[in-house]
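Structure, as structure tokens:
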Amino acid sequence: MKGLILAAGYGTRLYPLTLDRPKPLVKVGGQTILERLLRKIESLQDCDEVYIVTNDKFYDMIVKWVRDRDFSVALKVLNDLTRSNDDRLGAIGDINLVMEKEKPADDVLILAGDNLFEFDIQDFVRFARDKKKFSVALFDVADRKMAQKYGIVSLDNEKRVDDFQEKPENPKSTLASTGIYYMPEENISMLSDYMKKDTVKDAPGNFVKWVAENDGVYGYVFTEGWYDIGDKISLEKADLEYRERELD
């Protein structure tokens with residue numbers, strides 16, 4: 001299995017904090033988001049390499065950060081060659097870039113570089129492998145108004161995704177897609193098919209919806225902590241809660 005961390009965003013909602021550093025290198029509870037994600041992936045015994053895709057503005061900074069640290073899994077940093085929020089490839093475009101450049105003949109675990117989560121990643125991987133389909137980790141935000149901010153998923157009795165809404169005005173559920181995906185090797189070719197279509201290339205949820213309609217997607221619901229570091233308020237909340245929990 002391969003890992004892929006999406007780290008090519010520009011974090012505009014966190015300016016000025018992210019003017020000179022990528023969001024994954026922002027610290028939460030004294031550790032960068034990127035380090036916390038990589039330590040999660042380290043717990044997976046059969047993940048032999050992790051791709052970190054970033055942009056040209058922050059490429060050198062992330063390469064240096066990786067060189068200065070020791071991880072048990074091999075890391076490779078890729079540059080998507082964009083320089084600003086205006087010319088970014090979008091999350092789906094960055095995933096496709098990695099697939100085309102690296103051509104992994106393997107399943108791929110994909111993590112958004114601005115999300116933190118507290119569940120055991122091994123449980124999610126086991127779930128996805130049991131289903132043998134593209135899978136997404138879901139968190140119940142338990143509030144319809146809050147659900148309007150996220151990609152919202154509805155599941156059938158078999159945990160199969162039967163509906164996906166991107167930031168809906170009238171959400172059908174409160175299960176939020178968290179930017180944590182498991183893509184079996186068989187689905188990689190579907191990504192290139194999707195890129196050829198006149199479809200949205202930014203939010204990964206658009207690809208999830210398309211795969212659900214054309215092949216099938218399953219949702220893994222977790223109840224442990226989840227932090228979407230989208231703005232200063234969410235960053236401050238995550239930082240406070242991690243500090244309180246890890247100091248106890």
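Ordered as shown in the structure tokens, chains take letters A, B, and onward, while each chain numbers its residues from 1 and ligands are numbered from 1 in the order shown.
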
- Message: Report as a list in words all protein, DNA and RNA residues lying within 10 Å of Lys131 (chain A), evaluated on only C-alpha atoms, omitting residues in the same chain fewer than 4 positions from it.
- Response: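 Returned residues: Val125, Arg126, Phe127, Ser135, Glu158, Lys159, Arg160, Gly216, Val217, Tyr218 and Gly219 of chain A.
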
- Query: Running DSSP on the backbone, which parts of region 12-238 of chain A land in alpha helix (DSSP H), as a PyMOL selection string?
  - Reply: chain A and resi 33-42+59-67+90-102+121-131+144-147+188-195+204-214+232-238

- Message: Using only C-alpha atoms for the distances, tell me which of A:Phe207, A:Ser192, A:Arg88, A:Ile5 is nearest to Gln165 (chain A).
- Response: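 Of A:Phe207, A:Ser192, A:Arg88, A:Ile5, the one nearest Gln165 (chain A), counting only C-alpha atoms, is A:Phe207.
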
- Could you tell me how far CA of Phe117 (chain A) lies from CA of Ala142 (chain A), in Å and to one decimal? 16.8 Å

Tell me, as a short mmCIF file (atom, residue, chain, number, x, y, z; two decimals) with N, CA and C atoms, in the first residue's frame, which residues lie within 6 Å of region 227-240 of chain A, counting only C-alpha atoms; anything in the same chain fewer than 3 positions away does not count.
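Result written to out01.cif:
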data_model
loop_
_atom_site.label_atom_id
_atom_site.label_comp_id
_atom_site.auth_asym_id
_atom_site.auth_seq_id
_atom_site.Cartn_x
_atom_site.Cartn_y
_atom_site.Cartn_z
N ARG A 13 -7.34 31.07 4.09
CA ARG A 13 -8.18 31.48 5.23
C ARG A 13 -7.40 31.57 6.53
N LEU A 14 -6.14 31.13 6.50
CA LEU A 14 -5.29 31.24 7.69
C LEU A 14 -4.24 32.34 7.56
N VAL A 28 -0.09 22.07 15.70
CA VAL A 28 -1.27 21.86 16.53
C VAL A 28 -0.82 21.08 17.75
N GLY A 29 -0.97 21.68 18.92
CA GLY A 29 -0.49 21.02 20.13
C GLY A 29 1.00 20.77 20.14
N ASP A 114 -4.82 18.95 5.85
CA ASP A 114 -5.31 19.94 6.82
C ASP A 114 -6.37 19.34 7.73
N ASN A 115 -6.38 18.01 7.85
CA ASN A 115 -7.31 17.31 8.74
C ASN A 115 -6.55 16.51 9.78
N LEU A 116 -7.05 16.49 10.99
CA LEU A 116 -6.51 15.61 12.03
C LEU A 116 -7.63 14.72 12.54
N ARG A 243 -3.42 20.22 23.19
CA ARG A 243 -2.56 20.56 24.33
C ARG A 243 -3.16 20.05 25.63
#

List the spatial neighbours of Asp87 (chain A) as a tab-separated table (two decimals) with C-alpha atoms, in the first residue's frame - criterion: any atom at most 12 Å away, only C-alpha atoms, same-chain residues fewer than 3 positions off excluded.
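And here is the file that came out, around_18.tsv:
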chain	number	residue	atom	x	y	z
A	8	ALA	CA	-0.55	21.69	-2.12
A	9	GLY	CA	-3.16	24.16	-0.86
A	10	TYR	CA	-2.35	27.78	-0.03
A	55	ASN	CA	3.20	23.34	-4.69
A	56	ASP	CA	6.20	25.16	-6.08
A	57	LYS	CA	5.96	27.91	-3.46
A	80	ASP	CA	2.68	20.29	-8.70
A	81	LEU	CA	4.45	23.41	-10.09
A	82	THR	CA	1.71	25.87	-9.13
A	83	ARG	CA	2.61	29.18	-7.48
A	84	SER	CA	-0.66	30.64	-6.23
A	90	GLY	CA	-7.19	21.29	-6.90
A	93	GLY	CA	-5.84	17.31	-9.92
A	202	ASP	CA	-11.14	20.67	-6.83

- Message: Please list as a list in words every residue within 12 Å of Glu102 (chain A), counting only C-alpha atoms and excluding residues in the same chain fewer than 5 positions away.
- Response: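 Contacts, in chain order: Lys2, Gly3, Leu4, Glu49, Val50, Tyr51, Ile52, Val53, Lys76, Val77, Leu78, Ile95, Asn96, Leu97, Val108 and Ile188 of chain A.
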
- Message: For the structure I just gave you, how does DSSP split region 40-230 of chain A - specifically, which residues are strand (DSSP E)? Reply as a ChimeraX atom specification.
- Response: /A:49-54,74-79,108-112,115-117,134-140,151-155,161-166,175-183,217-222,226-228

- Considering only C-alpha atoms, return as a list in words whatever protein or nucleic-acid residues lie within 7 Å of region 179-184 of chain A, sequence-local ones (same chain, fewer than 5 positions apart) excluded.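 The filter keeps Asp107, Val108, Leu109, Ile110, Leu111, Ala112, Ala128, Lys133, Phe134, Ser135, Val136 and Ala137 of chain A.
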
Compile the contact shell of Tyr150 (chain A) as a CSV table (one decimal) with N, CA and C atoms, in the first residue's frame: residues with an atom at most 8 Å away, counting only C-alpha atoms, same-chain residues fewer than 3 positions apart removed.
chain,number,residue,atom,x,y,z
A,146,MET,N,-24.4,22.9,10.5
A,146,MET,CA,-23.0,22.6,10.4
A,146,MET,C,-22.7,21.8,9.1
A,147,ALA,N,-23.6,20.9,8.8
A,147,ALA,CA,-23.5,20.0,7.7
A,147,ALA,C,-23.4,20.8,6.4
A,166,GLU,N,-22.4,18.2,-2.0
A,166,GLU,CA,-21.3,19.1,-1.7
A,166,GLU,C,-21.8,20.4,-1.1
A,167,LYS,N,-21.6,20.6,0.2
A,167,LYS,CA,-22.0,21.8,0.9
A,167,LYS,C,-23.5,22.1,0.6
A,168,PRO,N,-24.4,21.2,1.0
A,168,PRO,CA,-25.8,21.3,0.6
A,168,PRO,C,-26.6,22.3,1.4
A,176,ALA,N,-20.3,13.8,7.5
A,176,ALA,CA,-19.4,14.6,6.7
A,176,ALA,C,-18.2,13.8,6.2
A,177,SER,N,-17.9,14.0,4.9
A,177,SER,CA,-16.7,13.4,4.4
A,177,SER,C,-15.5,14.1,4.9

Per-residue nearest contacts region 49-104 of chain A to region 33-40 of chain A, cut-off 10 Å, using only C-alpha atoms, as CSV:
residue,atom,partner,partner_atom,distance
A:Val50,CA,A:Leu38,CA,8.4
A:Ile52,CA,A:Leu34,CA,9.4
A:Ile62,CA,A:Leu34,CA,9.6
A:Trp65,CA,A:Glu35,CA,9.8
A:Val66,CA,A:Glu35,CA,9.4
A:Arg69,CA,A:Glu35,CA,9.2
A:Phe71,CA,A:Arg39,CA,7.9
A:Ser72,CA,A:Arg39,CA,9.1
A:Val73,CA,A:Leu38,CA,8.6
A:Leu75,CA,A:Leu38,CA,9.4

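Between CA of Met1 (chain A) and CA of Ala91 (chain A) lies a distance of 20.1 Å.
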
- Query: Can you tell me how far CA of Lys209 (chain A) sits from CA of Gln148 (chain A), in Å to one decimal?
  - Reply: 16.6 Å

- When distances are computed from only C-alpha atoms, which of A:Leu44, A:Val141, A:Leu89, A:Val221 shows the smallest separation from Pro204 (chain A)? A:Leu89
